>>> print(open('data-v1.pdb').read())   # PDB, C-alpha atoms
ATOM      1  CA  LYS A   1      19.210  19.138  -5.082
ATOM      2  CA  SER A   2      19.516  17.835  -1.556
ATOM      3  CA  ILE A   3      22.681  16.080  -0.494
ATOM      4  CA  ASN A   4      22.479  13.136   1.889
ATOM      5  CA  PHE A   5      25.490  13.452   4.169
ATOM      6  CA  GLN A   6      25.666   9.695   4.805
ATOM      7  CA  GLU A   7      25.905   9.047   1.058
ATOM      8  CA  LEU A   8      28.524  11.770   0.761
ATOM      9  CA  SER A   9      30.628  10.205   3.532
ATOM     10  CA  ALA A  10      30.259   6.754   1.932
ATOM     11  CA  ASP A  11      31.546   8.205  -1.358
ATOM     12  CA  LEU A  12      34.442   9.824   0.491
ATOM     13  CA  ALA A  13      35.268   6.490   2.144
ATOM     14  CA  GLN A  14      35.328   4.810  -1.277
ATOM     15  CA  ILE A  15      37.679   7.480  -2.609
ATOM     16  CA  THR A  16      40.086   6.868   0.287
ATOM     17  CA  PHE A  17      40.214   3.188  -0.716
ATOM     18  CA  ASP A  18      40.736   3.995  -4.406
ATOM     19  CA  TYR A  19      43.404   6.669  -3.953
ATOM     20  CA  PRO A  20      46.375   6.775  -1.573
ATOM     21  CA  PHE A  21      45.548   9.527   0.886
ATOM     22  CA  ARG A  22      44.434   9.683   4.497
ATOM     23  CA  ILE A  23      41.727  11.686   6.184
ATOM     24  CA  PRO A  24      42.857  13.268   9.473
ATOM     25  CA  PRO A  25      41.274  11.489  12.468
ATOM     26  CA  TYR A  26      39.487  14.610  13.753
ATOM     27  CA  PHE A  27      37.917  15.121  10.328
ATOM     28  CA  ALA A  28      36.732  11.506  10.263
ATOM     29  CA  LEU A  29      35.162  11.987  13.715
ATOM     30  CA  VAL A  30      33.334  15.120  12.579
ATOM     31  CA  ILE A  31      32.003  13.261   9.526
ATOM     32  CA  ARG A  32      30.816  10.405  11.718
ATOM     33  CA  ALA A  33      29.147  12.757  14.224
ATOM     34  CA  ILE A  34      27.308  14.625  11.465
ATOM     35  CA  SER A  35      26.238  11.328   9.895
ATOM     36  CA  VAL A  36      24.824  10.125  13.224
ATOM     37  CA  LEU A  37      22.941  13.393  13.745
ATOM     38  CA  GLU A  38      21.509  13.251  10.248
ATOM     39  CA  GLY A  39      20.523   9.608  10.781
ATOM     40  CA  ILE A  40      18.619  10.511  13.955
ATOM     41  CA  ALA A  41      16.843  13.355  12.147
ATOM     42  CA  LEU A  42      15.958  11.071   9.217
ATOM     43  CA  VAL A  43      13.943   8.892  11.608
ATOM     44  CA  GLY A  44      11.601  11.817  12.267
ATOM     45  CA  ASN A  45      11.727  13.312   8.781
ATOM     46  CA  PRO A  46      12.755  11.074   5.845
ATOM     47  CA  ASN A  47      13.380  14.185   3.693
ATOM     48  CA  PHE A  48      15.827  15.800   6.145
ATOM     49  CA  ALA A  49      19.239  16.771   4.786
ATOM     50  CA  ILE A  50      21.745  18.347   7.150
ATOM     51  CA  ILE A  51      23.487  20.094   4.251
ATOM     52  CA  ASP A  52      20.217  21.906   3.441
ATOM     53  CA  GLU A  53      19.916  23.022   7.060
ATOM     54  CA  ALA A  54      23.534  24.231   7.127
ATOM     55  CA  TYR A  55      23.277  26.042   3.780
ATOM     56  CA  PRO A  56      22.098  29.390   5.232
ATOM     57  CA  TYR A  57      25.129  29.474   7.547
ATOM     58  CA  ILE A  58      27.427  28.468   4.689
ATOM     59  CA  ALA A  59      25.935  31.216   2.513
ATOM     60  CA  ARG A  60      26.548  33.809   5.227
ATOM     61  CA  ARG A  61      30.169  32.736   5.576
ATOM     62  CA  LEU A  62      30.710  32.776   1.809
ATOM     63  CA  MET A  63      29.166  36.211   1.401
ATOM     64  CA  THR A  64      30.613  38.001   4.430
ATOM     65  CA  ASP A  65      33.997  36.454   5.229
ATOM     66  CA  LYS A  66      37.073  38.384   4.051
ATOM     67  CA  SER A  67      39.202  35.249   3.658
ATOM     68  CA  PRO A  68      40.690  34.915   0.143
ATOM     69  CA  ARG A  69      39.899  31.211   0.267
ATOM     70  CA  LEU A  70      36.197  31.820   0.947
ATOM     71  CA  LYS A  71      36.087  34.606  -1.643
ATOM     72  CA  ALA A  72      37.450  32.122  -4.194
ATOM     73  CA  ALA A  73      34.830  29.566  -3.124
ATOM     74  CA  LEU A  74      32.071  32.162  -3.565
ATOM     75  CA  ARG A  75      33.415  33.111  -6.999
ATOM     76  CA  TYR A  76      33.518  29.427  -7.989
ATOM     77  CA  MET A  77      29.994  28.858  -6.675
ATOM     78  CA  VAL A  78      28.500  31.781  -8.589
ATOM     79  CA  TYR A  79      30.592  31.492 -11.775
ATOM     80  CA  GLY A  80      31.321  27.752 -11.850
ATOM     81  CA  LYS A  81      34.159  25.988 -13.572
ATOM     82  CA  GLU A  82      33.394  27.599 -16.935
ATOM     83  CA  GLY A  83      33.387  31.158 -15.551
ATOM     84  CA  MET A  84      29.746  31.738 -16.582
ATOM     85  CA  PHE A  85      27.599  33.780 -14.196
ATOM     86  CA  ASP A  86      24.750  31.700 -12.713
ATOM     87  CA  ALA A  87      22.018  34.032 -11.443
ATOM     88  CA  GLU A  88      20.030  31.158  -9.907
ATOM     89  CA  LYS A  89      22.960  30.142  -7.698
ATOM     90  CA  LEU A  90      23.392  33.741  -6.587
ATOM     91  CA  ILE A  91      19.663  33.994  -5.792
ATOM     92  CA  ASP A  92      19.892  30.724  -3.819
ATOM     93  CA  LEU A  93      22.803  32.148  -1.815
ATOM     94  CA  LEU A  94      20.996  35.416  -1.151
ATOM     95  CA  GLN A  95      17.829  33.612  -0.043
ATOM     96  CA  ALA A  96      19.860  31.377   2.255
ATOM     97  CA  LEU A  97      21.594  34.450   3.691
ATOM     98  CA  GLU A  98      18.182  36.032   4.229
ATOM     99  CA  LYS A  99      16.991  32.887   6.018
ATOM    100  CA  PHE A 100      20.078  32.869   8.254
ATOM    101  CA  THR A 101      19.599  36.531   9.146
ATOM    102  CA  ALA A 102      15.871  36.095   9.787
ATOM    103  CA  VAL A 103      16.390  33.082  12.031
ATOM    104  CA  ARG A 104      19.184  34.857  13.888
ATOM    105  CA  ASP A 105      17.125  38.015  14.393
ATOM    106  CA  ASP A 106      13.633  36.490  14.838
ATOM    107  CA  GLY A 107      14.247  33.025  16.268
ATOM    108  CA  ASP A 108      10.609  32.747  17.297
ATOM    109  CA  GLY A 109       9.440  30.980  14.133
ATOM    110  CA  SER A 110       8.189  34.131  12.391
ATOM    111  CA  ALA A 111      11.458  34.300  10.473
ATOM    112  CA  PHE A 112      10.324  32.090   7.642
ATOM    113  CA  LYS A 113       8.862  33.803   4.629
ATOM    114  CA  VAL A 114       5.749  32.256   3.076
ATOM    115  CA  ASP A 115       4.429  33.699  -0.193
ATOM    116  CA  GLY A 116       6.349  36.933   0.304
ATOM    117  CA  VAL A 117       5.122  37.442   3.895
ATOM    118  CA  ARG A 118       7.218  37.087   7.061
ATOM    119  CA  GLY A 119       5.100  37.182  10.197
ATOM    120  CA  SER A 120       2.642  39.977   9.398
ATOM    121  CA  LYS A 121       5.030  42.011   7.227
ATOM    122  CA  VAL A 122       4.992  41.824   3.418
ATOM    123  CA  VAL A 123       8.630  41.455   2.361
ATOM    124  CA  GLY A 124       8.195  40.279  -1.231
ATOM    125  CA  THR A 125       9.990  37.558  -3.133
ATOM    126  CA  ALA A 126      13.229  37.478  -5.089
ATOM    127  CA  GLY A 127      13.102  39.779  -8.074
ATOM    128  CA  ASP A 128      10.180  42.001  -7.061
ATOM    129  CA  PHE A 129      10.157  45.286  -5.203
ATOM    130  CA  VAL A 130       7.394  44.594  -2.673
ATOM    131  CA  GLY A 131       8.606  45.628   0.756
ATOM    132  CA  SER A 132      11.636  47.446  -0.671
ATOM    133  CA  GLN A 133      12.568  50.930   0.351
ATOM    134  CA  GLN A 134      11.201  53.461  -2.128
ATOM    135  CA  VAL A 135      13.321  56.366  -3.280
ATOM    136  CA  ASP A 136      11.732  59.787  -3.802
ATOM    137  CA  THR A 137      11.679  60.693  -7.481
TER     138      THR A 137
END
>>> encode(input="data-v1.pdb", output="C-alpha coordinates")
Amino acid sequence: KSINFQELSADLAQITFDYPFRIPPYFALVIRAISVLEGIALVGNPNFAIIDEAYPYIARRLMTDKSPRLKAALRYMVYGKEGMFDAEKLIDLLQALEKFTAVRDDGDGSAFKVDGVRGSKVVGTAGDFVGSQQVDT
(Lines of atoms letter the chains of each structure in order from A and count residues from 1; the text may use other names and numbers.)
(Lines give C-alpha, C1' and ligand atoms only; values in the text may rest on other atoms or scores of the structure.)
Protein backbone atom coordinates (compact mmCIF):
# COMPACT_ATOMS: atom_id res chain seq x y z
CA LYS A 1 0.00 0.00 0.00
CA SER A 2 1.36 3.38 -0.96
CA ILE A 3 1.61 6.09 1.66
CA ASN A 4 0.92 9.69 0.69
CA PHE A 5 3.41 11.78 2.65
CA GLN A 6 1.12 14.83 2.70
CA GLU A 7 -1.65 12.77 4.31
CA LEU A 8 0.86 11.34 6.77
CA SER A 9 2.04 14.83 7.77
CA ALA A 10 -1.58 16.01 8.12
CA ASP A 11 -2.25 13.08 10.47
CA LEU A 12 0.87 13.94 12.44
CA ALA A 13 -0.28 17.56 12.71
CA GLN A 14 -3.65 16.39 14.06
CA ILE A 15 -1.91 14.22 16.65
CA THR A 16 0.13 17.21 17.86
CA PHE A 17 -3.15 19.08 18.46
CA ASP A 18 -4.75 16.13 20.26
CA TYR A 19 -1.79 15.26 22.50
CA PRO A 20 0.59 17.54 24.39
CA PHE A 21 3.92 17.14 22.64
CA ARG A 22 6.01 19.23 20.28
CA ILE A 23 7.80 18.35 17.09
CA PRO A 24 11.33 19.79 16.89
CA PRO A 25 11.49 22.68 14.38
CA TYR A 26 14.09 20.98 12.16
CA PHE A 27 11.87 17.90 11.92
CA ALA A 28 8.88 20.04 10.96
CA LEU A 29 10.99 21.69 8.23
CA VAL A 30 12.05 18.32 6.84
CA ILE A 31 8.41 17.18 6.77
CA ARG A 32 7.40 20.34 4.96
CA ALA A 33 10.24 20.04 2.42
CA ILE A 34 9.35 16.42 1.65
CA SER A 35 5.68 17.34 1.33
CA VAL A 36 6.52 20.10 -1.16
CA LEU A 37 8.71 17.75 -3.20
CA GLU A 38 6.02 15.10 -3.26
CA GLY A 39 3.44 17.73 -4.26
CA ILE A 40 5.58 18.82 -7.22
CA ALA A 41 6.02 15.19 -8.30
CA LEU A 42 2.28 14.53 -7.98
CA VAL A 43 1.65 17.17 -10.66
CA GLY A 44 3.56 15.04 -13.17
CA ASN A 45 2.48 11.66 -11.83
CA PRO A 46 -0.72 11.44 -9.74
CA ASN A 47 0.36 7.98 -8.47
CA PHE A 48 3.74 9.15 -7.13
CA ALA A 49 4.51 8.39 -3.49
CA ILE A 50 7.83 9.54 -2.07
CA ILE A 51 7.74 6.79 0.55
CA ASP A 52 7.66 4.19 -2.25
CA GLU A 53 10.68 5.83 -3.89
CA ALA A 54 12.58 5.93 -0.58
CA TYR A 55 11.71 2.33 0.34
CA PRO A 56 14.74 0.74 -1.39
CA TYR A 57 17.09 3.01 0.59
CA ILE A 58 15.17 2.31 3.80
CA ALA A 59 15.39 -1.43 3.12
CA ARG A 60 19.16 -1.20 2.62
CA ARG A 61 19.58 0.66 5.90
CA LEU A 62 17.38 -1.82 7.77
CA MET A 63 19.20 -4.83 6.38
CA THR A 64 22.80 -3.63 6.56
CA ASP A 65 23.10 -1.19 9.47
CA LYS A 66 24.60 -2.57 12.70
CA SER A 67 22.65 -0.16 14.93
CA PRO A 68 20.59 -1.98 17.60
CA ARG A 69 17.76 0.45 16.94
CA LEU A 70 17.63 -0.41 13.22
CA LYS A 71 17.99 -4.12 13.98
CA ALA A 72 14.94 -3.83 16.25
CA ALA A 73 13.05 -1.98 13.50
CA LEU A 74 13.91 -4.74 11.01
CA ARG A 75 12.80 -7.42 13.49
CA TYR A 76 9.52 -5.54 14.06
CA MET A 77 8.98 -5.12 10.32
CA VAL A 78 9.50 -8.80 9.53
CA TYR A 79 7.84 -10.27 12.65
CA GLY A 80 5.27 -7.58 13.47
CA LYS A 81 3.68 -6.85 16.79
CA GLU A 82 2.52 -10.45 17.26
CA GLY A 83 5.98 -11.94 16.64
CA MET A 84 4.76 -13.94 13.60
CA PHE A 85 7.17 -14.23 10.67
CA ASP A 86 5.82 -12.49 7.55
CA ALA A 87 7.57 -13.89 4.47
CA GLU A 88 5.92 -11.35 2.15
CA LYS A 89 7.36 -8.42 4.10
CA LEU A 90 10.80 -10.02 3.99
CA ILE A 91 10.47 -10.57 0.22
CA ASP A 92 9.40 -6.92 -0.18
CA LEU A 93 12.49 -5.81 1.75
CA LEU A 94 14.80 -8.04 -0.27
CA GLN A 95 13.33 -6.82 -3.57
CA ALA A 96 13.70 -3.21 -2.45
CA LEU A 97 17.31 -3.91 -1.45
CA GLU A 98 17.88 -5.46 -4.87
CA LYS A 99 16.40 -2.37 -6.54
CA PHE A 100 18.63 -0.07 -4.48
CA THR A 101 21.73 -2.09 -5.36
CA ALA A 102 20.80 -2.26 -9.05
CA VAL A 103 20.17 1.47 -9.29
CA ARG A 104 23.39 2.21 -7.42
CA ASP A 105 25.44 -0.12 -9.62
CA ASP A 106 23.67 0.38 -12.98
CA GLY A 107 22.22 3.88 -12.83
CA ASP A 108 21.68 3.89 -16.58
CA GLY A 109 18.08 2.64 -16.46
CA SER A 110 18.94 -1.02 -17.09
CA ALA A 111 18.73 -1.65 -13.35
CA PHE A 112 15.03 -2.35 -13.31
CA LYS A 113 13.98 -5.94 -13.62
CA VAL A 114 11.03 -6.71 -15.91
CA ASP A 115 9.66 -10.26 -15.99
CA GLY A 116 12.85 -11.67 -14.49
CA VAL A 117 15.15 -9.86 -16.95
CA ARG A 118 17.46 -6.93 -16.14
CA GLY A 119 18.93 -5.37 -19.26
CA SER A 120 19.79 -8.44 -21.34
CA LYS A 121 20.55 -10.73 -18.39
CA VAL A 122 18.00 -13.23 -17.03
CA VAL A 123 18.05 -12.80 -13.25
CA GLY A 124 14.81 -14.56 -12.31
CA THR A 125 12.12 -13.56 -9.86
CA ALA A 126 11.71 -14.05 -6.13
CA GLY A 127 11.46 -17.71 -5.24
CA ASP A 128 12.92 -19.25 -8.39
CA PHE A 129 16.48 -20.24 -9.19
CA VAL A 130 16.82 -18.71 -12.67
CA GLY A 131 20.06 -16.77 -12.82
CA SER A 132 21.31 -18.25 -9.54
CA GLN A 133 24.74 -19.72 -9.15
CA GLN A 134 24.64 -23.49 -9.60
CA VAL A 135 26.60 -25.75 -7.29
CA ASP A 136 28.33 -28.84 -8.69
CA THR A 137 26.65 -32.00 -7.43
>>> atom_distance(input="data-v1.pdb", atom1="atom CA of Leu42 of chain A", atom2="atom CA of Gln14 of chain A")
22.9 Å
>>> atom_distance(input="data-v1.pdb", atom1="atom CA of Ala13 of chain A", atom2="atom CA of Met77 of chain A")
24.6 Å
>>> resolve_selection(input="data-v1.pdb", expression="the PyMOL selection byres ((chain A and resi 71-76) around 12)", output="list in words")
Ile58, Ala59, Arg60, Arg61, Leu62, Met63, Thr64, Asp65, Lys66, Ser67, Pro68, Arg69, Leu70, Met77, Val78, Tyr79, Gly80, Lys81, Glu82, Gly83, Met84, Phe85, Asp86, Lys89, Leu90, Leu93 and Leu94 of chain A
>>> resolve_selection(input="data-v1.pdb", expression="the PyMOL selection byres ((chain A and resi 28-33) around 10)", output="ChimeraX atom specification")
/A:5-6,8-9,12-13,22-27,34-39
>>> atom_distance(input="data-v1.pdb", atom1="atom CA of Ala96 of chain A", atom2="atom CA of Ile50 of chain A")
14.0 Å
